[in-house]
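Undergrad: What follows is model06.cif, mmCIF, C-alpha atoms.
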data_upload
loop_
_atom_site.group_PDB
_atom_site.id
_atom_site.type_symbol
_atom_site.label_atom_id
_atom_site.label_comp_id
_atom_site.auth_asym_id
_atom_site.auth_seq_id
_atom_site.Cartn_x
_atom_site.Cartn_y
_atom_site.Cartn_z
ATOM 1 C CA MET A 1 -14.429 2.715 30.863
ATOM 2 C CA SER A 2 -17.984 3.979 31.264
ATOM 3 C CA ILE A 3 -21.348 2.747 30.085
ATOM 4 C CA LYS A 4 -23.131 6.055 30.697
ATOM 5 C CA HIS A 5 -20.419 8.329 29.325
ATOM 6 C CA PRO A 6 -18.366 6.566 26.592
ATOM 7 C CA ILE A 7 -15.052 7.888 25.294
ATOM 8 C CA ILE A 8 -13.666 7.489 21.763
ATOM 9 C CA SER A 9 -9.951 8.125 21.282
ATOM 10 C CA VAL A 10 -8.248 8.596 17.905
ATOM 11 C CA VAL A 11 -4.457 8.351 18.085
ATOM 12 C CA GLY A 12 -1.963 9.317 15.408
ATOM 13 C CA SER A 13 0.969 11.665 14.942
ATOM 14 C CA SER A 14 0.460 14.931 13.067
ATOM 15 C CA GLY A 15 0.154 14.394 9.332
ATOM 16 C CA ALA A 16 -0.990 10.815 9.824
ATOM 17 C CA GLY A 17 -4.524 11.509 8.636
ATOM 18 C CA THR A 18 -6.295 11.972 11.960
ATOM 19 C CA SER A 19 -8.089 15.053 10.620
ATOM 20 C CA THR A 20 -9.663 12.877 7.888
ATOM 21 C CA VAL A 21 -10.773 10.417 10.532
ATOM 22 C CA LYS A 22 -12.251 13.245 12.611
ATOM 23 C CA PHE A 23 -14.246 14.396 9.575
ATOM 24 C CA THR A 24 -15.669 10.889 9.181
ATOM 25 C CA PHE A 25 -16.601 10.741 12.859
ATOM 26 C CA ASP A 26 -18.269 14.158 12.569
ATOM 27 C CA GLN A 27 -20.334 12.813 9.662
ATOM 28 C CA ILE A 28 -21.420 9.794 11.696
ATOM 29 C CA PHE A 29 -22.253 11.888 14.757
ATOM 30 C CA ARG A 30 -24.327 14.310 12.678
ATOM 31 C CA ARG A 31 -26.153 11.592 10.736
ATOM 32 C CA GLU A 32 -26.997 9.545 13.826
ATOM 33 C CA GLY A 33 -27.915 12.512 16.020
ATOM 34 C CA ILE A 34 -25.095 11.912 18.507
ATOM 35 C CA VAL A 35 -23.846 14.904 20.510
ATOM 36 C CA ALA A 36 -20.068 14.698 20.931
ATOM 37 C CA ALA A 37 -17.808 16.758 23.173
ATOM 38 C CA SER A 38 -14.312 17.099 21.696
ATOM 39 C CA ILE A 39 -10.785 17.257 23.072
ATOM 40 C CA GLU A 40 -7.836 18.123 20.842
ATOM 41 C CA GLY A 41 -4.578 16.556 21.956
ATOM 42 C CA ASP A 42 -2.577 19.777 21.796
ATOM 43 C CA ALA A 43 -4.824 21.232 24.516
ATOM 44 C CA PHE A 44 -2.775 19.100 26.904
ATOM 45 C CA HIS A 45 0.674 20.211 25.771
ATOM 46 C CA ARG A 46 2.641 21.387 28.785
ATOM 47 C CA PHE A 47 4.144 24.472 27.123
ATOM 48 C CA ASP A 48 2.869 27.237 24.862
ATOM 49 C CA ARG A 49 4.811 28.000 21.678
ATOM 50 C CA ALA A 50 7.395 30.373 23.182
ATOM 51 C CA ASP A 51 7.943 28.279 26.313
ATOM 52 C CA MET A 52 8.340 25.131 24.206
ATOM 53 C CA LYS A 53 11.114 26.774 22.193
ATOM 54 C CA SER A 54 12.831 27.844 25.418
ATOM 55 C CA GLU A 55 12.483 24.377 26.940
ATOM 56 C CA MET A 56 13.837 22.722 23.794
ATOM 57 C CA ALA A 57 16.854 25.060 23.850
ATOM 58 C CA ARG A 58 17.433 24.340 27.540
ATOM 59 C CA ARG A 59 17.256 20.588 26.954
ATOM 60 C CA ARG A 60 19.539 20.812 23.941
ATOM 61 C CA ASP A 61 22.117 22.760 25.961
ATOM 62 C CA ALA A 62 21.882 20.045 28.623
ATOM 63 C CA GLY A 63 22.621 17.361 26.023
ATOM 64 C CA ASP A 64 19.049 16.138 25.391
ATOM 65 C CA SER A 65 18.390 16.114 21.645
ATOM 66 C CA THR A 66 15.187 14.036 21.852
ATOM 67 C CA PHE A 67 12.711 16.421 23.508
ATOM 68 C CA SER A 68 9.606 17.127 21.383
ATOM 69 C CA HIS A 69 5.815 17.360 21.532
ATOM 70 C CA PHE A 70 5.836 13.557 21.282
ATOM 71 C CA SER A 71 7.634 13.286 24.641
ATOM 72 C CA GLU A 72 5.672 12.282 27.721
ATOM 73 C CA ASP A 73 7.075 15.140 29.815
ATOM 74 C CA ALA A 74 6.126 17.701 27.148
ATOM 75 C CA ASN A 75 2.480 16.944 27.872
ATOM 76 C CA LEU A 76 0.055 16.973 30.806
ATOM 77 C CA LEU A 77 -0.726 13.273 30.587
ATOM 78 C CA SER A 78 -1.928 12.922 34.173
ATOM 79 C CA GLU A 79 -4.350 15.774 33.556
ATOM 80 C CA LEU A 80 -5.530 14.138 30.309
ATOM 81 C CA GLU A 81 -6.113 10.858 32.135
ATOM 82 C CA GLY A 82 -7.988 12.830 34.793
ATOM 83 C CA SER A 83 -10.213 14.464 32.193
ATOM 84 C CA PHE A 84 -11.036 11.082 30.668
ATOM 85 C CA ARG A 85 -11.812 9.664 34.113
ATOM 86 C CA SER A 86 -13.941 12.692 35.016
ATOM 87 C CA TYR A 87 -15.970 12.372 31.818
ATOM 88 C CA ALA A 88 -16.470 8.632 32.354
ATOM 89 C CA GLU A 89 -17.783 9.284 35.872
ATOM 90 C CA THR A 90 -19.769 12.511 35.443
ATOM 91 C CA GLY A 91 -20.202 13.282 31.721
ATOM 92 C CA THR A 92 -18.133 16.476 32.010
ATOM 93 C CA CYS A 93 -14.414 17.224 32.089
ATOM 94 C CA ARG A 94 -11.817 19.956 31.752
ATOM 95 C CA SER A 95 -10.181 21.021 28.504
ATOM 96 C CA ARG A 96 -8.879 24.091 26.706
ATOM 97 C CA THR A 97 -7.846 25.160 23.197
ATOM 98 C CA TYR A 98 -4.374 25.698 21.770
ATOM 99 C CA VAL A 99 -4.567 28.621 19.352
ATOM 100 C CA HIS A 100 -2.581 27.893 16.185
ATOM 101 C CA ASP A 101 -3.021 30.931 13.935
ATOM 102 C CA ALA A 102 -4.524 34.397 13.499
ATOM 103 C CA GLU A 103 -7.919 33.048 12.451
ATOM 104 C CA GLU A 104 -8.228 30.985 15.629
ATOM 105 C CA ALA A 105 -6.854 33.914 17.643
ATOM 106 C CA GLU A 106 -9.680 36.138 16.438
ATOM 107 C CA ARG A 107 -12.226 33.466 17.345
ATOM 108 C CA HIS A 108 -10.872 32.802 20.833
ATOM 109 C CA GLY A 109 -9.424 36.167 21.775
ATOM 110 C CA VAL A 110 -6.010 34.649 22.547
ATOM 111 C CA PRO A 111 -2.748 35.296 20.606
ATOM 112 C CA PRO A 112 -1.432 32.504 18.359
ATOM 113 C CA GLY A 113 0.794 30.057 20.172
ATOM 114 C CA HIS A 114 -1.085 30.374 23.460
ATOM 115 C CA PHE A 115 -3.814 28.441 25.285
ATOM 116 C CA THR A 116 -7.297 29.561 26.193
ATOM 117 C CA ASP A 117 -8.332 29.238 29.836
ATOM 118 C CA TRP A 118 -9.427 25.820 31.079
ATOM 119 C CA ARG A 119 -13.168 25.239 30.817
ATOM 120 C CA GLU A 120 -15.718 22.547 31.560
ATOM 121 C CA ILE A 121 -16.965 20.623 28.514
ATOM 122 C CA GLY A 122 -19.325 17.724 27.907
ATOM 123 C CA GLU A 123 -22.563 18.813 29.520
ATOM 124 C CA ASN A 124 -25.534 17.111 27.779
ATOM 125 C CA SER A 125 -23.187 15.216 25.428
ATOM 126 C CA ASP A 126 -23.526 11.566 24.413
ATOM 127 C CA VAL A 127 -19.835 10.807 23.925
ATOM 128 C CA LEU A 128 -16.358 12.325 24.390
ATOM 129 C CA PHE A 129 -14.184 12.372 21.266
ATOM 130 C CA TYR A 130 -10.389 12.763 21.586
ATOM 131 C CA GLU A 131 -7.984 13.224 18.678
ATOM 132 C CA GLY A 132 -4.258 13.609 19.252
ATOM 133 C CA LEU A 133 -0.910 12.047 20.051
ATOM 134 C CA HIS A 134 -1.446 10.419 23.431
ATOM 135 C CA GLY A 135 -4.972 9.025 23.633
ATOM 136 C CA ALA A 136 -3.860 5.431 24.260
ATOM 137 C CA VAL A 137 -0.780 5.899 26.462
ATOM 138 C CA LYS A 138 -0.269 3.165 29.049
ATOM 139 C CA THR A 139 2.721 3.226 31.391
ATOM 140 C CA ASP A 140 3.480 2.118 34.942
ATOM 141 C CA THR A 141 1.932 5.340 36.257
ATOM 142 C CA ILE A 142 -0.560 6.444 33.567
ATOM 143 C CA ASP A 143 -3.355 4.496 31.892
ATOM 144 C CA ILE A 144 -5.155 6.761 29.434
ATOM 145 C CA ALA A 145 -5.883 3.750 27.231
ATOM 146 C CA GLY A 146 -7.836 2.111 30.036
ATOM 147 C CA GLN A 147 -10.219 5.066 30.233
ATOM 148 C CA ALA A 148 -11.347 4.950 26.576
ATOM 149 C CA ASP A 149 -14.122 2.670 25.268
ATOM 150 C CA LEU A 150 -13.103 2.720 21.595
ATOM 151 C CA LYS A 151 -9.526 3.432 20.530
ATOM 152 C CA ILE A 152 -8.629 4.045 16.868
ATOM 153 C CA GLY A 153 -5.050 4.176 15.575
ATOM 154 C CA VAL A 154 -4.246 6.110 12.404
ATOM 155 C CA VAL A 155 -0.720 5.373 11.265
ATOM 156 C CA PRO A 156 0.849 5.561 7.802
ATOM 157 C CA VAL A 157 4.025 3.592 7.208
ATOM 158 C CA ILE A 158 6.884 5.716 8.425
ATOM 159 C CA ASN A 159 8.334 6.821 5.061
ATOM 160 C CA LEU A 160 4.895 8.079 4.040
ATOM 161 C CA GLU A 161 4.509 9.884 7.355
ATOM 162 C CA TRP A 162 7.834 11.614 6.805
ATOM 163 C CA ILE A 163 6.866 12.646 3.255
ATOM 164 C CA GLN A 164 3.594 14.104 4.547
ATOM 165 C CA LYS A 165 5.357 16.042 7.299
ATOM 166 C CA ILE A 166 8.088 17.378 5.005
ATOM 167 C CA HIS A 167 5.576 18.614 2.438
ATOM 168 C CA ARG A 168 3.213 20.096 5.032
ATOM 169 C CA ASP A 169 5.900 21.930 7.000
ATOM 170 C CA ARG A 170 7.561 23.309 3.883
ATOM 171 C CA ALA A 171 4.249 24.470 2.392
ATOM 172 C CA SER A 172 2.449 25.832 5.468
ATOM 173 C CA ARG A 173 5.317 26.813 7.778
ATOM 174 C CA GLY A 174 8.091 27.744 5.369
ATOM 175 C CA TYR A 175 10.584 25.235 6.815
ATOM 176 C CA THR A 176 13.459 23.841 4.795
ATOM 177 C CA THR A 177 13.780 20.104 4.219
ATOM 178 C CA GLU A 178 16.845 20.172 6.490
ATOM 179 C CA ALA A 179 14.863 21.787 9.327
ATOM 180 C CA VAL A 180 12.053 19.233 9.028
ATOM 181 C CA THR A 181 14.618 16.426 8.970
ATOM 182 C CA ASP A 182 16.083 17.725 12.241
ATOM 183 C CA THR A 183 12.578 17.656 13.756
ATOM 184 C CA ILE A 184 12.025 14.075 12.572
ATOM 185 C CA LEU A 185 15.322 12.979 14.111
ATOM 186 C CA ARG A 186 14.556 14.754 17.384
ATOM 187 C CA ARG A 187 11.145 13.058 17.592
ATOM 188 C CA MET A 188 12.375 9.584 16.734
ATOM 189 C CA HIS A 189 13.161 8.482 20.298
ATOM 190 C CA SER A 190 9.661 9.381 21.512
ATOM 191 C CA TYR A 191 8.078 8.022 18.328
ATOM 192 C CA VAL A 192 9.578 4.626 19.163
ATOM 193 C CA HIS A 193 8.922 4.714 22.919
ATOM 194 C CA VAL A 194 5.706 6.754 23.227
ATOM 195 C CA ILE A 195 3.767 6.768 19.935
ATOM 196 C CA CYS A 196 4.295 3.237 18.558
ATOM 197 C CA PRO A 197 3.385 1.370 21.786
ATOM 198 C CA GLN A 198 -0.050 2.981 21.739
ATOM 199 C CA PHE A 199 -0.962 1.105 18.570
ATOM 200 C CA THR A 200 -0.906 -2.156 20.516
ATOM 201 C CA GLN A 201 -3.552 -0.645 22.833
ATOM 202 C CA THR A 202 -5.916 0.471 20.071
ATOM 203 C CA ASP A 203 -8.988 -1.547 19.092
ATOM 204 C CA ILE A 204 -8.676 -0.806 15.360
ATOM 205 C CA ASN A 205 -5.699 0.471 13.362
ATOM 206 C CA PHE A 206 -5.907 2.067 9.936
ATOM 207 C CA GLN A 207 -2.455 1.959 8.340
ATOM 208 C CA ARG A 208 -1.918 3.597 4.963
ATOM 209 C CA VAL A 209 0.687 1.932 2.753
ATOM 210 C CA PRO A 210 1.850 3.552 -0.510
ATOM 211 C CA VAL A 211 2.272 1.310 -3.553
ATOM 212 C CA VAL A 212 4.700 3.705 -5.252
ATOM 213 C CA ASP A 213 8.373 4.200 -4.467
ATOM 214 C CA THR A 214 8.902 6.126 -1.220
ATOM 215 C CA SER A 215 12.371 4.741 -0.524
ATOM 216 C CA ASN A 216 13.892 8.228 -0.096
ATOM 217 C CA PRO A 217 11.182 10.372 1.495
ATOM 218 C CA PHE A 218 13.487 13.386 1.741
ATOM 219 C CA ILE A 219 13.538 13.964 -2.006
ATOM 220 C CA ALA A 220 9.948 12.931 -2.837
ATOM 221 C CA ARG A 221 8.320 15.573 -5.025
ATOM 222 C CA TRP A 222 4.741 14.792 -4.037
ATOM 223 C CA ILE A 223 2.729 12.857 -1.501
ATOM 224 C CA PRO A 224 1.359 9.538 -2.790
ATOM 225 C CA THR A 225 -2.351 9.905 -3.467
ATOM 226 C CA ALA A 226 -5.113 7.768 -2.002
ATOM 227 C CA GLY A 227 -5.307 5.973 -5.356
ATOM 228 C CA GLU A 228 -1.601 5.119 -5.021
ATOM 229 C CA SER A 229 -2.111 3.598 -1.585
ATOM 230 C CA LEU A 230 -3.652 0.678 0.249
ATOM 231 C CA VAL A 231 -5.017 0.765 3.788
ATOM 232 C CA VAL A 232 -4.490 -2.135 6.169
ATOM 233 C CA ILE A 233 -7.240 -2.310 8.799
ATOM 234 C CA ARG A 234 -6.352 -4.399 11.844
ATOM 235 C CA PHE A 235 -8.838 -5.402 14.557
ATOM 236 C CA ARG A 236 -7.369 -6.272 17.957
ATOM 237 C CA ASP A 237 -10.367 -8.513 18.650
ATOM 238 C CA PRO A 238 -11.895 -9.769 15.381
ATOM 239 C CA ARG A 239 -14.785 -11.576 17.089
ATOM 240 C CA GLY A 240 -18.085 -10.164 15.851
ATOM 241 C CA ILE A 241 -16.531 -8.480 12.796
ATOM 242 C CA ASP A 242 -18.359 -9.556 9.642
ATOM 243 C CA PHE A 243 -15.386 -9.796 7.287
ATOM 244 C CA PRO A 244 -17.302 -11.375 4.356
ATOM 245 C CA TYR A 245 -19.752 -8.455 4.494
ATOM 246 C CA LEU A 246 -16.948 -5.878 4.503
ATOM 247 C CA VAL A 247 -15.133 -7.591 1.613
ATOM 248 C CA SER A 248 -18.372 -7.736 -0.386
ATOM 249 C CA MET A 249 -19.168 -4.054 0.279
ATOM 250 C CA ILE A 250 -15.679 -2.628 -0.381
ATOM 251 C CA ASN A 251 -14.610 -3.286 -3.941
ATOM 252 C CA ASN A 252 -11.137 -4.825 -4.434
ATOM 253 C CA SER A 253 -10.641 -5.515 -0.734
ATOM 254 C CA TRP A 254 -9.388 -8.755 0.773
ATOM 255 C CA MET A 255 -8.419 -10.352 4.062
ATOM 256 C CA SER A 256 -4.671 -10.591 4.651
ATOM 257 C CA ARG A 257 -4.867 -12.168 8.107
ATOM 258 C CA ALA A 258 -7.597 -13.493 10.360
ATOM 259 C CA ASN A 259 -7.871 -10.059 11.999
ATOM 260 C CA SER A 260 -6.981 -7.792 9.050
ATOM 261 C CA ILE A 261 -8.544 -6.498 5.861
ATOM 262 C CA VAL A 262 -6.805 -4.586 3.065
ATOM 263 C CA ILE A 263 -8.708 -1.938 1.084
ATOM 264 C CA PRO A 264 -7.874 0.519 -1.721
ATOM 265 C CA GLY A 265 -6.743 3.847 -0.264
ATOM 266 C CA ASP A 266 -9.624 5.768 -1.820
ATOM 267 C CA LYS A 267 -12.144 3.507 -0.027
ATOM 268 C CA LEU A 268 -11.089 4.593 3.475
ATOM 269 C CA ASP A 269 -14.086 6.782 4.166
ATOM 270 C CA ILE A 270 -16.690 4.169 3.256
ATOM 271 C CA ALA A 271 -14.753 1.493 5.164
ATOM 272 C CA MET A 272 -14.732 3.666 8.265
ATOM 273 C CA GLN A 273 -18.436 4.380 7.864
ATOM 274 C CA LEU A 274 -19.221 0.653 7.597
ATOM 275 C CA ILE A 275 -16.966 -0.377 10.479
ATOM 276 C CA LEU A 276 -17.363 2.470 12.939
ATOM 277 C CA THR A 277 -21.053 3.393 12.637
ATOM 278 C CA PRO A 278 -22.381 0.230 14.326
ATOM 279 C CA MET A 279 -19.714 0.486 17.030
ATOM 280 C CA ILE A 280 -20.588 4.086 17.799
ATOM 281 C CA LEU A 281 -24.300 3.289 17.790
ATOM 282 C CA ARG A 282 -23.748 0.451 20.270
ATOM 283 C CA LEU A 283 -21.865 2.784 22.616
ATOM 284 C CA SER A 284 -24.527 5.474 22.264
ATOM 285 C CA GLU A 285 -27.501 3.128 22.732
ATOM 286 C CA ARG A 286 -25.873 1.459 25.751
ATOM 287 C CA SER A 287 -25.258 4.893 27.226
ATOM 288 C CA ARG A 288 -28.815 6.074 26.695
ATOM 289 C CA ARG A 289 -30.258 2.887 28.233
ATOM 290 C CA ALA A 290 -28.023 3.277 31.280
ATOM 291 C CA LYS A 291 -29.104 6.885 31.755
#
Re-express the file's structure as structure tokens.
TA:
Amino acid sequence: MSIKHPIISVVGSSGAGTSTVKFTFDQIFRREGIVAASIEGDAFHRFDRADMKSEMARRRDAGDSTFSHFSEDANLLSELEGSFRSYAETGTCRSRTYVHDAEEAERHGVPPGHFTDWREIGENSDVLFYEGLHGAVKTDTIDIAGQADLKIGVVPVINLEWIQKIHRDRASRGYTTEAVTDTILRRMHSYVHVICPQFTQTDINFQRVPVVDTSNPFIARWIPTAGESLVVIRFRDPRGIDFPYLVSMINNSWMSRANSIVIPGDKLDIAMQLILTPMILRLSERSRRAK
């Protein structure tokens, strides 16, 4: 971790709500005048779209039905750790952009499903912001978690995550429910062994819990709304967290454990603003003093 060049890492699988969290961070950065360099997790996928399909087919033919973007060996995790370490030491690092669609292709001059060239980012920035699948991985050989100063987990309960993925992939990608189910099953091994362990490394977890019936996510007709959900916020180290203040500021919230607070789902943004703003300011002010 670095005093001069802090790193914030937001971890959550696709559809978990990380884009909402990124929007909140962007608001805080803009309001507080903090310049953030950004890394998107898919920039460190090992394969482009066509090569990933080929690799999945090769693995399937070899009897491996668990290979997915969640898998460690589907990603350049050593390179991601290196980028974090480089930013912590120098304030710059290497990244690139994965181009998802025609709109992004026009902006970057690269066909959809491909990567831009690697480039240096971070010059004159105050903080590095990562959002993706692997920002808190810690294994015997890789310690991305150890490079980040503030780690945020965004994780809905699993039935809700499946509902969100099924609805998103059917609506935006034209997949059938059966095809999405196959993807969920293929990812499950890595979800258990790669994604879930990261949430023990995070400093704060935001877990959305629906309060309507999601017992069969494969037939759910709609995604539970924020008003039909609660959010459990867990602090790994609750020392210094002013829980009475948070409970007084967030209507209908309460403490469920000594390190956890429960809030209505539609209060997530204000809760994140109240909790994260002082943390980000401390990182930024410490960095500026050190420089």
Undergrad: Within 9 Å of Lys291 of chain A, counting only C-alpha atoms, which residues qualify if same-chain residues fewer than 4 places away don't, as a PyMOL selection string?
TA: chain A and resi 3-4+286-287
Undergrad: Grab the atom CA of Arg49 of chain A to atom CA of Phe70 of chain A distance for me, in Å with one decimal place.
TA: 14.5 Å
Undergrad: Between A:Asn75, A:Thr176, A:Thr202, A:Ser190, which residue has the minimum interatomic distance to Ala148 of chain A, considering all atoms listed in the file?
TA: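 Of all the options, A:Thr202 lies closest to Ala148 of chain A.
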Undergrad: Please list as JSON, numbers by chain every residue within 8 Å of segment 227-233 of chain A, counting all atoms listed in the file and excluding residues in the same chain fewer than 4 positions away.
TA: {"A": [204, 205, 206, 207, 208, 209, 210, 211, 212, 260, 261, 262, 263, 264, 265, 266, 268]}
Undergrad: Grab the residues selected above and save them as a PDB file, in the frame of the given file with C-alpha atoms.
TA:
ATOM      1  CA  ILE A 204      -8.676  -0.806  15.360  1.00  0.00           C
ATOM      2  CA  ASN A 205      -5.699   0.471  13.362  1.00  0.00           C
ATOM      3  CA  PHE A 206      -5.907   2.067   9.936  1.00  0.00           C
ATOM      4  CA  GLN A 207      -2.455   1.959   8.340  1.00  0.00           C
ATOM      5  CA  ARG A 208      -1.918   3.597   4.963  1.00  0.00           C
ATOM      6  CA  VAL A 209       0.687   1.932   2.753  1.00  0.00           C
ATOM      7  CA  PRO A 210       1.850   3.552  -0.510  1.00  0.00           C
ATOM      8  CA  VAL A 211       2.272   1.310  -3.553  1.00  0.00           C
ATOM      9  CA  VAL A 212       4.700   3.705  -5.252  1.00  0.00           C
ATOM     10  CA  SER A 260      -6.981  -7.792   9.050  1.00  0.00           C
ATOM     11  CA  ILE A 261      -8.544  -6.498   5.861  1.00  0.00           C
ATOM     12  CA  VAL A 262      -6.805  -4.586   3.065  1.00  0.00           C
ATOM     13  CA  ILE A 263      -8.708  -1.938   1.084  1.00  0.00           C
ATOM     14  CA  PRO A 264      -7.874   0.519  -1.721  1.00  0.00           C
ATOM     15  CA  GLY A 265      -6.743   3.847  -0.264  1.00  0.00           C
ATOM     16  CA  ASP A 266      -9.624   5.768  -1.820  1.00  0.00           C
ATOM     17  CA  LEU A 268     -11.089   4.593   3.475  1.00  0.00           C
TER      18      LEU A 268
END
Undergrad: Within 9 Å of Leu283 of chain A, counting only C-alpha atoms, which residues show up once you throw out same-chain ones fewer than 3 positions away? Write them as a list in words, please.
TA: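 My list of contacting residues is Ile3, Lys4, His5, Pro6, Ile7, Val127, Asp149, Leu150, Pro278, Met279, Ile280, Arg286, Ser287 and Arg288 of chain A.
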Undergrad: Given the file shown, enumerate the residues that the PyMOL selection byres ((chain A and resi 83) around 10) captures and present them as a PyMOL selection string.
TA: chain A and resi 39+77-82+84-89+92-95+120-121+144+147
Undergrad: Convert the output of the PyMOL selection byres ((chain A and resi 222) around 12) on the shown file into explicit residues, formatted as JSON, numbers by chain.
TA: {"A": [160, 162, 163, 164, 165, 166, 167, 168, 170, 171, 212, 213, 214, 216, 217, 218, 219, 220, 221, 223, 224, 225, 228]}
Undergrad: Please report the interatomic distance between atom CA of Lys267 of chain A and atom CA of Phe129 of chain A in Å with one decimal.
TA: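 Rounded to one decimal, the two atoms are 23.2 Å apart.
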